[in-house]
Protein chains: 2
Amino acid sequence: MRPDMFDELCPSSLSPIRFGDKWAGMVLRVLEHGPRRFSELRVPLHGVTAKVLTQSLRGLERDGLISRTVYAESAPHVEYRLTPLGRSMLVPMAAACAWVEEHWEELLDAREAYENAERLDRAG
Amino acid sequence: MRPDMFDELCPSSLSPIRFGDKWAGMVLRVLEHGPRRFSELRVPLHGVTAKVLTQSLRGLERDGLISRTVYAESAPHVEYRLTPLGRSMLVPMAAACAWVEEHWEELLDAREAYENAERLDRAG
DNA sequence: CTGGATCCAGAAAGATACTG
DNA sequence: CAGTATCTTTCTGGATCCAG
């Protein structure tokens, strides 16, 4: 799990599409590759605090998209994994990601054009 | 344009998927059927205030998803319509809506189960 | 290691009143 | 008709410190 896997696009306030809260979509994409522990999740989502990640995980668990398992053994840890429902959501998510990638330049251009027009307005 | 077209599902805090801000997705779906005026948009989106709708429309315009045209003629009005980019976003939006509809019951059940488990925790 | 508790800043949403 | 201005409330995310 590369620590920089989300550096460029996510969390990007530029994408107009969001799944769950700020981090939920990224969590799902990490878990896509298999179950992960709390501290493993924090690596690619660098910058997220424990509290906020917990919130996000609780929300996903509440919606039945992930499951949480506690292992109280010698090396106690907690494991999160996708449920079938969570896995099924990867489909519309992929469609959304594909759209964003395909139209990324258009989005950037539109914003630039809009802000230029605004500046002209103010200049009168 | 039925005034109640969004009453049931939208704006639903239950859907974990969102396009733009709270009202943006609904605006796009209204404009799907052709250009609409400001006051026409307010009908199906009942409850939205002029300020908030304006904000949402500005955001969509800024992203190049809709265009705004002012008609200063005898009966002055403003018309909003989808751009090709905006229309293209209907595709991933439809995928998201289909997923929500298909899994709506599962989502509700998951929430109920989660809250029941919470209540048992507090009791136990 | 995996969080909970508390406090805080900024964004988002809404109520209300007013304007070209 | 189509907004703007102002104010208030609510929500979100984060910082910091603490605990089983």
# chains A, B, ... in the order shown; residues from 1 in each chain; ligands from 1
$ closest_atom_pairs --of "chain A" --to "chain C" --cutoff "9 Å" --atoms "only C-alpha atoms (C1' of nucleotides)" --output "Markdown table"
| residue | atom | partner | partner_atom | distance |
| --- | --- | --- | --- | --- |
| A:Phe38 | CA | C:DT2 | C1' | 7.3 |
| A:Ser39 | CA | C:DC1 | C1' | 7.8 |
| A:Ala50 | CA | C:DG3 | C1' | 7.1 |
| A:Lys51 | CA | C:DG3 | C1' | 7.4 |
| A:Thr54 | CA | C:DG3 | C1' | 7.4 |
| A:Ala75 | CA | C:DC1 | C1' | 8.7 |
| A:Pro76 | CA | C:DC1 | C1' | 7.1 |
| A:His77 | CA | C:DC1 | C1' | 6.4 |
| A:Val78 | CA | C:DT2 | C1' | 7.6 |
$ interface_residues --of "chain A" --to "chain B" --cutoff "10 Å" --atoms "only C-alpha atoms" --output "number ranges by chain"
A: 14-21, 24-25, 58-65, 85, 88-89, 91-100, 103, 106-115
$ atom_distance --atom1 "CA of Arg81 in chain A" --atom2 "CA of Val52 in chain A"
18.2 Å
$ calpha_fit_rmsd --fixed "chain A" --moving "chain B"
0.1 Å
$ interface_residues --of "chain D" --to "chain B" --cutoff "9 Å" --atoms "only C-alpha atoms (C1' of nucleotides)" --output "ChimeraX atom specification"
/D:1-4
$ write_last_selection --atoms "all heavy atoms" --output "short mmCIF file (atom, residue, chain, number, x, y, z; two decimals), in the first residue's frame"
data_model
loop_
_atom_site.label_atom_id
_atom_site.label_comp_id
_atom_site.auth_asym_id
_atom_site.auth_seq_id
_atom_site.Cartn_x
_atom_site.Cartn_y
_atom_site.Cartn_z
P DC D 1 -42.33 36.05 -10.78
OP1 DC D 1 -42.31 34.77 -11.46
OP2 DC D 1 -41.90 36.17 -9.39
"O5'" DC D 1 -41.61 37.12 -11.73
"C5'" DC D 1 -41.30 36.74 -13.05
"C4'" DC D 1 -39.82 36.95 -13.27
"O4'" DC D 1 -39.43 38.20 -12.65
"C3'" DC D 1 -38.93 35.87 -12.66
"O3'" DC D 1 -37.94 35.49 -13.61
"C2'" DC D 1 -38.29 36.53 -11.44
"C1'" DC D 1 -38.31 38.01 -11.80
N1 DC D 1 -38.51 38.89 -10.61
C2 DC D 1 -37.57 39.86 -10.32
O2 DC D 1 -36.57 39.98 -11.03
N3 DC D 1 -37.76 40.66 -9.25
C4 DC D 1 -38.84 40.51 -8.49
N4 DC D 1 -38.99 41.32 -7.44
C5 DC D 1 -39.84 39.52 -8.78
C6 DC D 1 -39.63 38.74 -9.85
P DA D 2 -37.00 34.22 -13.34
OP1 DA D 2 -36.51 33.78 -14.65
OP2 DA D 2 -37.70 33.29 -12.46
"O5'" DA D 2 -35.75 34.83 -12.55
"C5'" DA D 2 -34.95 35.78 -13.22
"C4'" DA D 2 -33.96 36.37 -12.26
"O4'" DA D 2 -34.66 37.14 -11.26
"C3'" DA D 2 -33.13 35.34 -11.48
"O3'" DA D 2 -31.76 35.72 -11.49
"C2'" DA D 2 -33.71 35.41 -10.08
"C1'" DA D 2 -34.09 36.87 -10.01
N9 DA D 2 -35.05 37.20 -8.97
C8 DA D 2 -36.12 36.46 -8.54
N7 DA D 2 -36.79 37.04 -7.56
C5 DA D 2 -36.11 38.22 -7.33
C6 DA D 2 -36.31 39.26 -6.42
N6 DA D 2 -37.30 39.30 -5.53
N1 DA D 2 -35.45 40.32 -6.45
C2 DA D 2 -34.45 40.29 -7.35
N3 DA D 2 -34.15 39.35 -8.26
C4 DA D 2 -35.03 38.34 -8.20
P DG D 3 -30.64 34.62 -11.15
OP1 DG D 3 -29.31 35.21 -11.33
OP2 DG D 3 -31.01 33.40 -11.88
"O5'" DG D 3 -30.86 34.31 -9.59
"C5'" DG D 3 -29.89 34.78 -8.67
"C4'" DG D 3 -30.11 36.24 -8.35
"O4'" DG D 3 -31.47 36.42 -7.92
"C3'" DG D 3 -29.29 36.74 -7.19
"O3'" DG D 3 -28.06 37.25 -7.65
"C2'" DG D 3 -30.14 37.84 -6.56
"C1'" DG D 3 -31.53 37.60 -7.16
N9 DG D 3 -32.54 37.42 -6.11
C8 DG D 3 -33.36 36.33 -5.93
N7 DG D 3 -34.19 36.46 -4.93
C5 DG D 3 -33.90 37.72 -4.42
C6 DG D 3 -34.47 38.41 -3.33
O6 DG D 3 -35.37 38.05 -2.57
N1 DG D 3 -33.89 39.66 -3.13
C2 DG D 3 -32.86 40.17 -3.92
N2 DG D 3 -32.41 41.39 -3.59
N3 DG D 3 -32.33 39.53 -4.94
C4 DG D 3 -32.89 38.32 -5.14
P DT D 4 -26.84 37.20 -6.69
OP1 DT D 4 -25.64 37.51 -7.50
OP2 DT D 4 -26.93 35.94 -5.96
"O5'" DT D 4 -27.07 38.40 -5.66
"C5'" DT D 4 -27.03 39.76 -6.10
"C4'" DT D 4 -27.19 40.68 -4.89
"O4'" DT D 4 -28.47 40.42 -4.27
"C3'" DT D 4 -26.14 40.47 -3.79
"O3'" DT D 4 -25.72 41.74 -3.33
"C2'" DT D 4 -26.89 39.68 -2.74
"C1'" DT D 4 -28.30 40.23 -2.89
N1 DT D 4 -29.37 39.30 -2.43
C2 DT D 4 -30.17 39.68 -1.38
O2 DT D 4 -30.05 40.72 -0.78
N3 DT D 4 -31.14 38.76 -1.05
C4 DT D 4 -31.39 37.55 -1.67
O4 DT D 4 -32.29 36.82 -1.28
C5 DT D 4 -30.50 37.23 -2.76
C7 DT D 4 -30.67 35.94 -3.48
C6 DT D 4 -29.55 38.10 -3.09
#
$ select_by_dssp --residues "chain B" --states "strand (DSSP E)" --output "list of chain:residue names"
B:Ile17, B:Arg18, B:Phe19, B:Arg36, B:Arg37, B:Ile66, B:Ser67, B:Arg68, B:Thr69, B:Val70, B:Tyr71, B:His77, B:Val78, B:Glu79, B:Tyr80, B:Arg81, B:Leu82
$ decode --residues "chain D" --atoms "C-alpha atoms (C1' of nucleotides)" --output "short mmCIF file (atom, residue, chain, number, x, y, z; two decimals), in the first residue's frame"
data_model
loop_
_atom_site.label_atom_id
_atom_site.label_comp_id
_atom_site.auth_asym_id
_atom_site.auth_seq_id
_atom_site.Cartn_x
_atom_site.Cartn_y
_atom_site.Cartn_z
"C1'" DC D 1 -38.31 38.01 -11.80
"C1'" DA D 2 -34.09 36.87 -10.01
"C1'" DG D 3 -31.53 37.60 -7.16
"C1'" DT D 4 -28.30 40.23 -2.89
"C1'" DA D 5 -27.23 41.33 2.14
"C1'" DT D 6 -27.13 40.07 6.68
"C1'" DC D 7 -27.55 37.19 10.50
"C1'" DT D 8 -27.96 32.80 12.82
"C1'" DT D 9 -27.68 27.93 13.22
"C1'" DT D 10 -25.85 23.51 12.07
"C1'" DC D 11 -22.45 20.38 10.34
"C1'" DT D 12 -17.70 18.82 9.27
"C1'" DG D 13 -13.23 18.18 9.94
"C1'" DG D 14 -9.33 18.76 12.70
"C1'" DA D 15 -6.11 19.59 17.03
"C1'" DT D 16 -4.97 18.08 21.33
"C1'" DC D 17 -4.94 15.36 25.20
"C1'" DC D 18 -6.25 11.12 27.50
"C1'" DA D 19 -7.42 5.88 28.21
"C1'" DG D 20 -8.35 0.75 27.97
#
